[in-house]
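K.L.:
Below is the file final_22.txt, which contains compact mmCIF, C-alpha atoms.
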```
# COMPACT_ATOMS: atom_id res chain seq x y z
CA MET A 1 -129.85 -153.86 -28.60
CA SER A 2 -127.05 -155.33 -26.52
CA SER A 3 -128.14 -158.41 -24.62
CA PRO A 4 -128.49 -157.98 -20.82
CA GLN A 5 -125.44 -160.14 -20.15
CA HIS A 6 -123.35 -158.00 -22.50
CA LEU A 7 -124.26 -154.43 -21.68
CA ALA A 8 -121.96 -151.87 -23.23
CA PRO A 9 -119.59 -150.13 -20.83
CA ARG A 10 -119.89 -146.43 -20.13
CA SER A 11 -117.98 -144.10 -22.41
CA ASP A 12 -115.58 -143.39 -19.55
CA ALA A 13 -115.05 -147.06 -18.62
CA SER A 14 -111.60 -148.60 -18.68
CA LEU A 15 -109.99 -149.98 -21.81
CA ASP A 16 -110.00 -153.45 -20.23
CA ALA A 17 -113.77 -153.22 -19.70
CA TRP A 18 -114.30 -152.31 -23.34
CA LEU A 19 -111.97 -155.06 -24.59
CA THR A 20 -113.88 -157.61 -22.54
CA TYR A 21 -117.15 -156.34 -23.99
CA ILE A 22 -116.11 -156.36 -27.65
CA SER A 23 -114.72 -159.88 -27.27
CA GLN A 24 -118.16 -161.13 -26.17
CA ILE A 25 -120.73 -159.47 -28.43
CA HIS A 26 -119.98 -161.42 -31.61
CA PRO A 27 -120.79 -165.15 -31.82
CA ARG A 28 -117.54 -166.01 -33.60
CA GLU A 29 -113.94 -165.16 -32.82
CA ILE A 30 -113.24 -164.73 -36.55
CA GLU A 31 -115.78 -163.95 -39.27
CA LEU A 32 -114.46 -162.80 -42.59
CA GLY A 33 -116.49 -160.41 -44.71
CA LEU A 34 -116.93 -156.67 -45.17
CA GLU A 35 -120.71 -156.15 -45.36
CA ARG A 36 -121.44 -155.55 -41.68
CA LEU A 37 -118.28 -153.53 -41.24
CA SER A 38 -119.09 -151.34 -44.25
CA ARG A 39 -122.52 -150.48 -42.90
CA VAL A 40 -121.11 -149.40 -39.55
CA ALA A 41 -118.32 -147.41 -41.22
CA GLN A 42 -120.88 -145.61 -43.34
CA ARG A 43 -122.89 -144.65 -40.26
CA LEU A 44 -119.69 -143.34 -38.69
CA GLY A 45 -118.96 -141.26 -41.77
CA LEU A 46 -115.62 -143.02 -41.99
CA ALA A 47 -113.91 -142.82 -45.35
CA LYS A 48 -110.18 -142.64 -45.90
CA PRO A 49 -108.27 -142.38 -42.58
CA ALA A 50 -105.29 -140.49 -44.05
CA PRO A 51 -104.24 -138.81 -47.30
CA VAL A 52 -101.99 -141.80 -48.06
CA VAL A 53 -102.76 -145.41 -47.07
CA ILE A 54 -100.31 -148.30 -47.43
CA THR A 55 -101.76 -151.77 -46.86
CA VAL A 56 -99.50 -154.73 -46.07
CA ALA A 57 -100.61 -158.36 -46.45
CA GLY A 58 -98.71 -161.64 -46.44
CA THR A 59 -98.03 -164.65 -44.25
CA ASN A 60 -94.94 -163.43 -42.40
CA GLY A 61 -93.12 -160.13 -42.12
CA LYS A 62 -96.10 -157.78 -42.17
CA GLY A 63 -95.26 -156.20 -38.82
CA SER A 64 -91.62 -155.69 -39.80
CA THR A 65 -92.68 -154.05 -43.06
CA VAL A 66 -95.04 -151.67 -41.27
CA LYS A 67 -92.37 -150.88 -38.68
CA THR A 68 -89.90 -149.95 -41.43
CA LEU A 69 -92.45 -147.78 -43.23
CA GLU A 70 -93.27 -146.05 -39.97
CA ALA A 71 -89.64 -145.38 -39.03
CA VAL A 72 -88.67 -144.02 -42.44
CA LEU A 73 -91.72 -141.80 -42.80
CA MET A 74 -91.27 -140.39 -39.30
CA ALA A 75 -87.59 -139.70 -39.97
CA SER A 76 -88.73 -137.87 -43.11
CA GLY A 77 -90.93 -135.57 -41.05
CA TYR A 78 -94.36 -137.12 -41.71
CA SER A 79 -96.97 -138.08 -39.13
CA THR A 80 -98.01 -141.73 -39.07
CA GLY A 81 -100.67 -144.04 -37.76
CA ALA A 82 -99.81 -147.76 -37.73
CA TYR A 83 -102.28 -150.58 -37.15
CA THR A 84 -100.88 -154.07 -36.55
CA SER A 85 -101.82 -157.32 -34.84
CA PRO A 86 -101.62 -159.22 -32.64
CA HIS A 87 -100.17 -157.58 -29.57
CA ILE A 88 -97.79 -159.19 -27.09
CA LEU A 89 -98.20 -157.40 -23.76
CA ARG A 90 -100.74 -154.58 -24.22
CA PHE A 91 -103.62 -154.07 -26.62
CA ASN A 92 -102.33 -150.54 -27.26
CA GLU A 93 -99.39 -152.05 -29.18
CA ARG A 94 -101.82 -152.57 -32.07
CA ILE A 95 -102.46 -148.87 -32.63
CA ARG A 96 -99.49 -146.50 -32.85
CA LEU A 97 -99.40 -142.76 -33.43
CA GLN A 98 -95.98 -141.37 -34.33
CA GLY A 99 -94.47 -144.65 -33.20
CA GLU A 100 -96.07 -144.48 -29.75
CA GLU A 101 -98.87 -146.67 -28.43
CA ALA A 102 -102.26 -144.96 -28.52
CA ALA A 103 -103.60 -143.77 -25.17
CA ASP A 104 -106.32 -145.74 -23.41
CA GLU A 105 -108.71 -142.79 -23.40
CA ASP A 106 -108.36 -142.22 -27.15
CA ILE A 107 -109.10 -145.86 -27.94
CA VAL A 108 -112.05 -145.96 -25.53
CA ALA A 109 -113.52 -142.81 -27.07
CA CYS A 110 -113.43 -144.48 -30.49
CA PHE A 111 -114.98 -147.67 -29.12
CA ALA A 112 -117.83 -145.64 -27.61
CA ARG A 113 -118.47 -143.86 -30.92
CA ILE A 114 -118.59 -147.17 -32.76
CA GLU A 115 -120.95 -148.72 -30.22
CA ALA A 116 -123.29 -145.72 -30.46
CA VAL A 117 -124.02 -146.51 -34.14
CA ARG A 118 -123.20 -150.22 -34.35
CA GLU A 119 -126.56 -151.89 -33.79
CA PRO A 120 -128.13 -153.88 -35.32
CA GLU A 121 -124.78 -155.07 -36.67
CA SER A 122 -122.61 -157.50 -34.77
CA LEU A 123 -118.89 -156.85 -35.06
CA SER A 124 -116.05 -159.20 -34.23
CA TYR A 125 -113.22 -158.14 -31.93
CA PHE A 126 -110.92 -157.48 -34.89
CA GLU A 127 -113.56 -155.55 -36.82
CA PHE A 128 -114.29 -153.37 -33.79
CA THR A 129 -110.62 -152.62 -33.21
CA THR A 130 -109.95 -151.96 -36.90
CA LEU A 131 -112.68 -149.33 -37.00
CA ALA A 132 -111.28 -147.77 -33.82
CA ALA A 133 -107.82 -147.49 -35.37
CA LEU A 134 -109.18 -145.94 -38.56
CA LEU A 135 -111.26 -143.44 -36.59
CA LEU A 136 -108.30 -142.47 -34.44
CA PHE A 137 -106.02 -141.94 -37.44
CA ALA A 138 -108.66 -139.70 -39.01
CA ASP A 139 -109.14 -137.79 -35.74
CA LYS A 140 -105.41 -137.16 -35.40
CA CYS A 141 -105.08 -136.11 -39.08
CA VAL A 142 -102.05 -138.32 -39.70
CA ASP A 143 -100.28 -138.01 -43.04
CA PHE A 144 -99.99 -141.79 -43.51
CA ALA A 145 -102.08 -144.74 -42.38
CA LEU A 146 -100.08 -147.97 -42.38
CA LEU A 147 -102.44 -150.94 -42.20
CA GLU A 148 -101.48 -154.56 -41.56
CA VAL A 149 -103.97 -157.15 -42.74
CA GLY A 150 -105.03 -159.44 -39.90
CA LEU A 151 -106.03 -162.59 -41.80
CA GLY A 152 -105.95 -163.15 -45.53
CA GLY A 153 -106.78 -159.96 -47.37
CA ARG A 154 -109.86 -160.07 -49.57
CA LEU A 155 -112.34 -160.31 -46.70
CA ASP A 156 -110.20 -158.85 -43.92
CA ALA A 157 -111.48 -155.75 -42.12
CA VAL A 158 -108.45 -153.70 -43.24
CA ASN A 159 -109.54 -154.21 -46.86
CA LEU A 160 -112.42 -151.83 -46.20
CA ILE A 161 -110.02 -149.03 -47.17
CA ASP A 162 -108.65 -148.49 -50.67
CA PRO A 163 -104.85 -148.20 -50.40
CA ASP A 164 -102.46 -146.00 -52.35
CA CYS A 165 -99.81 -148.73 -52.31
CA CYS A 166 -100.14 -152.49 -51.70
CA ILE A 167 -97.34 -154.64 -50.31
CA ILE A 168 -97.56 -158.43 -50.06
CA THR A 169 -94.65 -159.86 -48.09
CA ASN A 170 -94.79 -163.58 -48.85
CA ILE A 171 -97.21 -166.46 -49.28
CA ALA A 172 -96.74 -169.49 -47.02
CA LEU A 173 -98.92 -172.17 -45.47
CA ASP A 174 -100.89 -170.83 -42.51
CA HIS A 175 -104.56 -170.42 -41.56
CA GLU A 176 -105.57 -172.93 -44.22
CA ASP A 177 -108.88 -173.59 -42.46
CA TRP A 178 -109.85 -169.99 -43.25
CA LEU A 179 -107.98 -169.23 -46.47
CA GLY A 180 -108.03 -172.57 -48.29
CA LYS A 181 -105.50 -175.33 -48.77
CA GLY A 182 -102.20 -174.59 -50.44
CA ARG A 183 -100.28 -171.49 -51.47
CA GLU A 184 -102.42 -170.84 -54.53
CA ASN A 185 -105.64 -170.51 -52.54
CA ILE A 186 -103.92 -168.52 -49.81
CA GLY A 187 -102.35 -166.25 -52.43
CA ALA A 188 -105.71 -165.61 -54.07
CA GLU A 189 -107.12 -164.40 -50.75
CA LYS A 190 -104.15 -162.16 -50.00
CA ALA A 191 -104.25 -160.69 -53.51
CA GLY A 192 -107.66 -159.31 -52.61
CA ILE A 193 -106.00 -156.17 -51.26
CA LEU A 194 -104.86 -155.16 -54.76
CA ARG A 195 -106.49 -152.27 -56.58
CA ALA A 196 -106.27 -151.23 -60.22
CA ALA A 197 -103.81 -148.41 -60.96
CA THR A 198 -102.23 -148.87 -57.51
CA PRO A 199 -98.57 -149.86 -57.07
CA PHE A 200 -98.12 -153.48 -56.00
CA VAL A 201 -94.87 -154.50 -54.33
CA PHE A 202 -94.42 -158.27 -54.05
CA CYS A 203 -91.74 -159.74 -51.76
CA ASP A 204 -92.34 -163.44 -52.43
CA ARG A 205 -89.39 -165.04 -54.26
CA ASP A 206 -91.60 -167.86 -55.58
CA PRO A 207 -94.84 -166.03 -56.43
CA PRO A 208 -98.00 -168.14 -56.66
CA ALA A 209 -99.74 -168.00 -60.03
CA SER A 210 -102.98 -166.96 -58.33
CA VAL A 211 -101.46 -163.67 -57.19
CA LEU A 212 -99.95 -162.92 -60.59
CA ALA A 213 -103.23 -163.75 -62.32
CA HIS A 214 -105.26 -161.48 -60.07
CA ALA A 215 -102.75 -158.65 -60.54
CA ALA A 216 -102.95 -159.12 -64.32
CA SER A 217 -106.76 -158.99 -64.20
CA LEU A 218 -106.42 -155.52 -62.67
CA GLY A 219 -103.84 -154.40 -65.19
CA LEU A 220 -101.03 -154.50 -62.62
CA THR A 221 -97.45 -155.61 -63.11
CA PRO A 222 -96.00 -156.57 -59.71
CA ILE A 223 -92.82 -154.83 -58.63
CA ALA A 224 -91.00 -157.99 -57.64
CA ILE A 225 -88.22 -158.65 -55.18
CA GLY A 226 -85.08 -159.88 -56.90
CA ALA A 227 -86.15 -158.65 -60.34
CA ASP A 228 -87.05 -155.02 -59.55
CA PHE A 229 -85.64 -154.34 -56.10
CA SER A 230 -83.15 -155.97 -53.77
CA ALA A 231 -80.66 -155.63 -50.93
CA HIS A 232 -76.96 -155.88 -51.71
CA VAL A 233 -74.50 -156.74 -48.98
CA SER A 234 -70.87 -157.83 -48.87
CA ALA A 235 -70.30 -160.91 -51.01
CA HIS A 236 -69.28 -162.93 -47.96
CA VAL A 237 -72.17 -161.91 -45.71
CA SER A 238 -75.70 -163.33 -45.58
CA PRO A 239 -78.47 -160.84 -46.42
CA VAL A 240 -80.33 -162.06 -43.36
CA GLU A 241 -78.04 -160.60 -40.73
CA SER A 242 -74.51 -159.79 -39.53
CA ALA A 243 -73.35 -157.19 -42.02
CA ASP A 244 -72.17 -153.71 -41.21
CA GLN A 245 -73.78 -152.04 -44.22
CA TRP A 246 -75.96 -152.77 -47.21
CA SER A 247 -77.32 -151.04 -50.30
CA PHE A 248 -80.85 -150.77 -51.66
CA LYS A 249 -81.52 -150.98 -55.37
CA GLY A 250 -85.05 -150.48 -56.57
CA LYS A 251 -87.43 -149.02 -59.11
CA ALA A 252 -88.39 -145.35 -58.97
CA ARG A 253 -91.92 -144.20 -59.69
CA ASN A 254 -90.87 -143.24 -63.22
CA GLY A 255 -89.40 -146.70 -63.77
CA GLY A 256 -85.77 -145.67 -63.41
CA LEU A 257 -83.18 -147.18 -61.10
CA ILE A 258 -83.03 -145.81 -57.58
CA THR A 259 -80.28 -146.64 -55.09
CA ARG A 260 -79.35 -145.92 -51.50
CA ASP A 261 -75.93 -146.97 -50.22
CA ALA A 262 -74.09 -147.53 -46.93
CA LEU A 263 -77.23 -148.28 -44.94
CA PRO A 264 -77.05 -149.80 -41.43
CA ILE A 265 -78.35 -153.32 -40.95
CA PRO A 266 -81.55 -153.26 -38.87
CA ASN A 267 -82.61 -156.15 -36.64
CA LEU A 268 -85.30 -157.09 -39.14
CA PHE A 269 -85.33 -159.51 -42.07
CA LEU A 270 -84.03 -157.53 -45.04
CA ASP A 271 -86.64 -158.85 -47.48
CA ASN A 272 -89.25 -157.00 -45.41
CA VAL A 273 -87.13 -153.88 -45.11
CA VAL A 274 -86.47 -153.62 -48.85
CA GLY A 275 -90.15 -154.24 -49.54
CA ALA A 276 -91.03 -151.25 -47.40
CA LEU A 277 -88.41 -149.07 -49.08
CA GLN A 278 -89.67 -150.10 -52.52
CA GLY A 279 -93.20 -149.21 -51.48
CA LEU A 280 -92.03 -145.73 -50.56
CA ALA A 281 -90.09 -145.46 -53.83
CA CYS A 282 -93.29 -146.22 -55.72
CA LEU A 283 -94.83 -143.15 -54.10
CA ASP A 284 -91.78 -140.91 -54.65
CA LEU A 285 -91.22 -140.94 -50.90
CA LEU A 286 -87.87 -142.69 -50.52
CA PRO A 287 -85.71 -140.20 -48.61
CA ALA A 288 -82.03 -139.39 -48.90
CA GLU A 289 -79.43 -141.76 -47.49
CA GLU A 290 -78.80 -139.64 -44.40
CA ILE A 291 -82.47 -139.88 -43.39
CA LEU A 292 -82.60 -143.60 -44.15
CA ARG A 293 -79.53 -144.24 -42.04
CA ARG A 294 -81.12 -142.47 -39.10
CA ALA A 295 -84.36 -144.42 -39.52
CA LEU A 296 -82.80 -147.87 -39.92
CA ASN A 297 -80.11 -147.61 -37.26
CA ASP A 298 -80.98 -150.10 -34.48
CA LEU A 299 -84.46 -150.61 -35.95
CA GLY A 300 -86.17 -153.69 -34.56
CA LEU A 301 -89.56 -154.99 -33.52
CA VAL A 302 -90.75 -156.70 -30.37
CA GLY A 303 -90.91 -160.46 -30.81
CA ARG A 304 -89.11 -160.58 -34.16
CA PHE A 305 -85.67 -162.06 -33.52
CA GLU A 306 -85.58 -159.78 -30.51
CA LYS A 307 -82.37 -160.08 -28.51
CA ARG A 308 -82.76 -159.86 -24.75
CA ARG A 309 -80.92 -160.99 -21.61
CA ASP A 310 -82.18 -162.84 -18.54
CA LEU A 311 -80.85 -160.76 -15.66
CA SER A 312 -81.14 -163.48 -13.04
CA THR A 313 -78.89 -165.93 -14.93
CA GLY A 314 -77.13 -163.75 -17.49
CA ARG A 315 -78.41 -165.95 -20.32
CA ARG A 316 -78.81 -164.45 -23.77
CA VAL A 317 -82.41 -164.79 -24.97
CA ILE A 318 -84.00 -164.50 -28.40
CA LEU A 319 -87.75 -163.94 -28.64
CA ASP A 320 -89.23 -164.81 -32.02
CA ALA A 321 -92.91 -165.29 -32.78
CA ALA A 322 -92.37 -167.96 -35.45
CA HIS A 323 -95.72 -169.76 -35.61
CA ASN A 324 -95.62 -171.43 -39.01
CA VAL A 325 -93.11 -173.41 -41.03
CA ALA A 326 -91.86 -170.51 -43.17
CA ALA A 327 -91.22 -168.39 -40.08
CA ALA A 328 -89.44 -171.28 -38.38
CA GLU A 329 -87.21 -171.74 -41.43
CA LEU A 330 -86.31 -168.05 -41.31
CA LEU A 331 -85.59 -168.28 -37.59
CA ALA A 332 -83.30 -171.24 -38.26
CA ARG A 333 -81.42 -169.30 -40.95
CA ARG A 334 -80.95 -166.31 -38.68
CA LEU A 335 -79.72 -168.50 -35.82
CA LYS A 336 -77.32 -170.28 -38.12
CA THR A 337 -75.97 -166.94 -39.31
CA LEU A 338 -75.33 -165.89 -35.72
CA PHE A 339 -73.65 -169.23 -34.95
CA PRO A 340 -72.31 -170.61 -38.26
CA VAL A 341 -71.17 -173.94 -36.82
CA ALA A 342 -74.15 -174.47 -34.56
CA ASP A 343 -75.57 -177.36 -36.61
CA THR A 344 -75.47 -180.14 -34.02
CA ARG A 345 -76.20 -182.82 -36.60
CA SER A 346 -73.45 -182.11 -39.12
CA GLN A 347 -70.35 -181.18 -37.17
CA ALA A 348 -68.89 -180.70 -33.74
CA LYS A 349 -69.53 -177.37 -32.15
CA ALA A 350 -66.80 -174.85 -31.59
CA GLU A 351 -66.16 -173.93 -27.97
CA SER A 352 -67.54 -170.45 -28.62
CA THR A 353 -70.82 -171.77 -30.01
CA PRO A 354 -73.55 -171.84 -27.37
CA THR A 355 -75.90 -174.68 -26.71
CA ILE A 356 -79.33 -173.67 -28.01
CA ARG A 357 -82.20 -174.39 -25.64
CA LEU A 358 -85.55 -173.79 -27.28
CA VAL A 359 -88.75 -173.09 -25.36
CA LEU A 360 -91.76 -174.01 -27.49
CA ALA A 361 -95.52 -173.60 -27.02
CA ALA A 362 -97.95 -173.38 -29.92
CA MET A 363 -101.52 -173.50 -31.15
CA SER A 364 -102.86 -176.99 -31.77
CA ASP A 365 -103.85 -176.16 -35.35
CA LYS A 366 -100.27 -175.31 -36.35
CA ASN A 367 -97.96 -177.67 -38.22
CA ILE A 368 -95.85 -178.32 -35.13
CA GLU A 369 -94.10 -181.30 -36.69
CA ASP A 370 -92.63 -179.36 -39.62
CA ILE A 371 -91.92 -176.32 -37.44
CA VAL A 372 -89.68 -178.36 -35.16
CA ARG A 373 -88.07 -180.21 -38.06
CA ALA A 374 -87.01 -176.84 -39.49
CA LEU A 375 -85.31 -175.90 -36.23
CA ASP A 376 -84.06 -179.30 -35.13
CA PRO A 377 -80.53 -179.15 -36.60
CA LEU A 378 -79.78 -176.13 -34.40
CA VAL A 379 -81.50 -177.12 -31.16
CA ASP A 380 -79.74 -179.06 -28.41
CA ILE A 381 -82.61 -179.33 -25.92
CA TRP A 382 -86.34 -178.74 -26.42
CA TYR A 383 -88.31 -177.29 -23.50
CA ILE A 384 -91.94 -178.06 -24.33
CA ALA A 385 -94.71 -176.10 -22.64
CA ALA A 386 -98.27 -174.84 -23.04
CA PHE A 387 -100.21 -171.61 -22.59
CA GLU A 388 -103.87 -170.94 -21.84
CA GLY A 389 -106.41 -170.60 -24.64
CA ALA A 390 -109.07 -172.49 -26.57
CA ARG A 391 -106.76 -173.11 -29.54
CA ALA A 392 -103.63 -173.81 -27.50
CA ALA A 393 -102.04 -177.23 -27.68
CA GLY A 394 -101.55 -178.87 -24.30
CA ALA A 395 -98.06 -179.67 -23.11
CA ARG A 396 -98.70 -183.40 -23.45
CA GLU A 397 -99.98 -183.00 -27.01
CA ILE A 398 -96.98 -180.88 -28.06
CA HIS A 399 -94.59 -183.31 -26.38
CA THR A 400 -96.14 -186.22 -28.27
CA ARG A 401 -96.04 -184.42 -31.60
CA VAL A 402 -92.46 -183.21 -31.17
CA SER A 403 -91.16 -186.58 -29.98
CA THR A 404 -92.89 -188.29 -32.92
CA ALA A 405 -91.35 -185.83 -35.39
CA LEU A 406 -87.94 -185.89 -33.69
CA PRO A 407 -87.52 -189.33 -32.11
CA LYS A 408 -83.84 -188.70 -31.24
CA ALA A 409 -84.28 -185.21 -29.80
CA MET A 410 -83.68 -184.34 -26.15
CA ILE A 411 -87.06 -183.10 -24.91
CA ARG A 412 -88.13 -181.82 -21.51
CA PRO A 413 -91.88 -181.26 -20.90
CA PHE A 414 -93.30 -178.58 -18.59
CA ASP A 415 -96.77 -177.49 -17.53
CA SER A 416 -96.24 -173.82 -18.31
CA VAL A 417 -94.17 -171.52 -20.49
CA LEU A 418 -92.64 -169.82 -17.47
CA SER A 419 -91.52 -173.05 -15.84
CA ALA A 420 -89.98 -174.18 -19.15
CA TYR A 421 -88.23 -170.84 -19.58
CA ARG A 422 -86.89 -170.82 -16.03
CA ALA A 423 -85.53 -174.33 -16.43
CA ALA A 424 -83.92 -173.48 -19.77
CA CYS A 425 -82.16 -170.53 -18.15
CA SER A 426 -81.05 -172.27 -14.96
CA ASP A 427 -80.07 -175.74 -16.19
CA GLN A 428 -76.30 -176.41 -16.14
CA PRO A 429 -75.34 -172.91 -15.06
CA ASP A 430 -71.74 -173.26 -16.24
CA GLU A 431 -72.70 -174.16 -19.80
CA HIS A 432 -72.55 -171.54 -22.54
CA ALA A 433 -76.19 -171.43 -23.70
CA MET A 434 -78.60 -169.33 -25.75
CA ILE A 435 -82.33 -169.44 -24.92
CA VAL A 436 -84.77 -169.21 -27.82
CA VAL A 437 -88.47 -168.70 -27.09
CA THR A 438 -90.86 -169.28 -29.98
CA GLY A 439 -94.04 -170.89 -31.33
CA SER A 440 -96.63 -168.16 -30.83
CA PHE A 441 -97.19 -164.56 -29.79
CA HIS A 442 -98.83 -166.05 -26.69
CA THR A 443 -95.60 -167.87 -25.83
CA LEU A 444 -93.64 -164.65 -26.10
CA ALA A 445 -96.15 -162.69 -24.04
CA GLU A 446 -95.54 -164.79 -20.95
CA VAL A 447 -91.76 -164.40 -21.11
CA ALA A 448 -91.63 -160.79 -22.32
CA ALA A 449 -93.61 -159.66 -19.26
CA LEU A 450 -90.96 -160.89 -16.81
CA PRO A 451 -89.36 -158.05 -14.83
CA ASP A 452 -85.91 -159.63 -14.97
CA LEU A 453 -85.74 -159.77 -18.77
CA ASP A 454 -83.64 -156.89 -20.04
```
I need this file expressed as structure tokens, please.
P.N.:
Amino acid sequence: MSSPQHLAPRSDASLDAWLTYISQIHPREIELGLERLSRVAQRLGLAKPAPVVITVAGTNGKGSTVKTLEAVLMASGYSTGAYTSPHILRFNERIRLQGEEAADEDIVACFARIEAVREPESLSYFEFTTLAALLLFADKCVDFALLEVGLGGRLDAVNLIDPDCCIITNIALDHEDWLGKGRENIGAEKAGILRAATPFVFCDRDPPASVLAHAASLGLTPIAIGADFSAHVSAHVSPVESADQWSFKGKARNGGLITRDALPIPNLFLDNVVGALQGLACLDLLPAEEILRRALNDLGLVGRFEKRRDLSTGRRVILDAAHNVAAAELLARRLKTLFPVADTRSQAKAESTPTIRLVLAAMSDKNIEDIVRALDPLVDIWYIAAFEGARAAGAREIHTRVSTALPKAMIRPFDSVLSAYRAACSDQPDEHAMIVVTGSFHTLAEVAALPDLD
């Protein structure tokens, strides 16, 4: 039974009431393992949520991969359900039907059904919400369920479902307290989503041996980026950004070469886009070029190198949820591609190159020192802040860690993300400047909610 202090809301209660409840009923914020979840799923009669399931794991780029899959499948005329995490502004961002956020009442109805059969099991917030997404996809009879792993893979709630295609984006250092130290241990956990006789698309350009060994134990040969599929752009243009067109070359289901040419560049990292296209090719679902062009044109994702503008000051703003070293390195490469001579350490800036002011707030368990070192050559002024939360690093702690890592950097500390952002926008109003906000999804959430951010 639910304890008196945590009584379940009514079935017609608000989504906020249910989210508060499910965040309180489990003793731990994160608890990996599938046993409790499996028992509840069995009582719900929940099996496969869609005829075709594609599961995406990896350290970075999972959301971009799911977004690409979703856009291409929808453009091809299929119905989709996409489950991702975390959200930035609204919980509903985590569960999409046909590209649209699920309605409050549909999510609440699924929560109530889960609660009706849950006890005596205790489910974590993520386990509860994963079951809700799977139930909703089954209820709506979607053609495809696109599932993003939350943490790791082997013991993540999403791994309850056997996929028809597995995509692993990359393996980098993050969540080592949960997944083990080093890329080999992390890779072993993420490889837990693999299934025998199921296509495995691997987008890591330096694959850990642990992933390859686990794939081999299942009789799988990874379809590898670079060797089996790739993006081809103009010889003088970076594959990260700033090209007019590109071509996809990949492996068809029968093993033959498959190509798609003259594709528009989306506002997503191309390694993730080509991984998604290769996944569809493995299932004989890669559409014609005309459909792909329609799907990829202007395709982007909230908080992933998202270009905005501050209406009150006219400043250009980039929101990017880089929260580990690999993501920070990618952010640096994308910024350098936008502003090729923006390296403040190696050469004088051109007059057209903006000053980069970076607003940073992060979790205390992140490798803040190496994150800022990756970005330092491009950043003129650091605006250090903090957000609320048990795992959040305080502004003083971040300031100390950044100043230790970058003793020559220009650093300005602030008590909040919003005060740091406002200062970054308003300082030296005549100076040509770009504002970059990064470090965590929590950092982005505070800025993205502003009414004067276009």
K.L.:
Please indicate the distance in Å from CA of Asn159 in chain A to CA of Phe126 in chain A, rounded to one decimal place.
P.N.:
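About the pair CA of Asn159 in chain A and CA of Phe126 in chain A: they are 12.5 Å apart.
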K.L.:
So what do you get for CA of Asn367 in chain A versus CA of Ser403 in chain A, distance-wise?
P.N.:
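Computing the Euclidean distance for CA of Asn367 in chain A and CA of Ser403 in chain A yields 13.9 Å.
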K.L.:
If you count all atoms listed in the file, which residues fall within 12 Å of Leu375 in chain A, apart from same-chain ones fewer than 6 positions away, as a compact mmCIF listing (two decimals) with C-alpha atoms, keeping the file's coordinate frame?
P.N.:
```txt
# COMPACT_ATOMS: atom_id res chain seq x y z
CA ALA A 322 -92.37 -167.96 -35.45
CA ASN A 324 -95.62 -171.43 -39.01
CA VAL A 325 -93.11 -173.41 -41.03
CA ALA A 326 -91.86 -170.51 -43.17
CA ALA A 327 -91.22 -168.39 -40.08
CA ALA A 328 -89.44 -171.28 -38.38
CA GLU A 329 -87.21 -171.74 -41.43
CA LEU A 330 -86.31 -168.05 -41.31
CA LEU A 331 -85.59 -168.28 -37.59
CA ALA A 332 -83.30 -171.24 -38.26
CA ARG A 333 -81.42 -169.30 -40.95
CA ARG A 334 -80.95 -166.31 -38.68
CA LEU A 335 -79.72 -168.50 -35.82
CA LYS A 336 -77.32 -170.28 -38.12
CA ALA A 342 -74.15 -174.47 -34.56
CA ASP A 343 -75.57 -177.36 -36.61
CA THR A 344 -75.47 -180.14 -34.02
CA ARG A 345 -76.20 -182.82 -36.60
CA ILE A 356 -79.33 -173.67 -28.01
CA ARG A 357 -82.20 -174.39 -25.64
CA LEU A 358 -85.55 -173.79 -27.28
CA VAL A 359 -88.75 -173.09 -25.36
CA LEU A 360 -91.76 -174.01 -27.49
CA ILE A 368 -95.85 -178.32 -35.13
CA GLU A 369 -94.10 -181.30 -36.69
CA ILE A 381 -82.61 -179.33 -25.92
CA TRP A 382 -86.34 -178.74 -26.42
CA VAL A 402 -92.46 -183.21 -31.17
CA ALA A 405 -91.35 -185.83 -35.39
CA LEU A 406 -87.94 -185.89 -33.69
CA ALA A 409 -84.28 -185.21 -29.80
CA VAL A 436 -84.77 -169.21 -27.82
CA THR A 438 -90.86 -169.28 -29.98
CA GLY A 439 -94.04 -170.89 -31.33
```
K.L.:
Measuring between all atoms listed in the file, which one of A:Phe229, A:Gly58, A:Ser312, A:Met74 shows the shortest distance to Pro207 in chain A?
P.N.:
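Of all the options, A:Gly58 lies closest to Pro207 in chain A.
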K.L.:
For a test of reading the model, state the distance in Å between CA of Leu220 in chain A and CA of Arg260 in chain A, rounded to one decimal.
P.N.:
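Rounded to one decimal, the two atoms are 25.8 Å apart.
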K.L.:
As a list in words, please: the residues near Leu418 in chain A (cut-off 9 Å, all atoms listed in the file, same-chain neighbours under 5 positions excluded).
P.N.:
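Close residues of Leu418 in chain A: Ala385, Ala423, Glu446 and Val447 of chain A.
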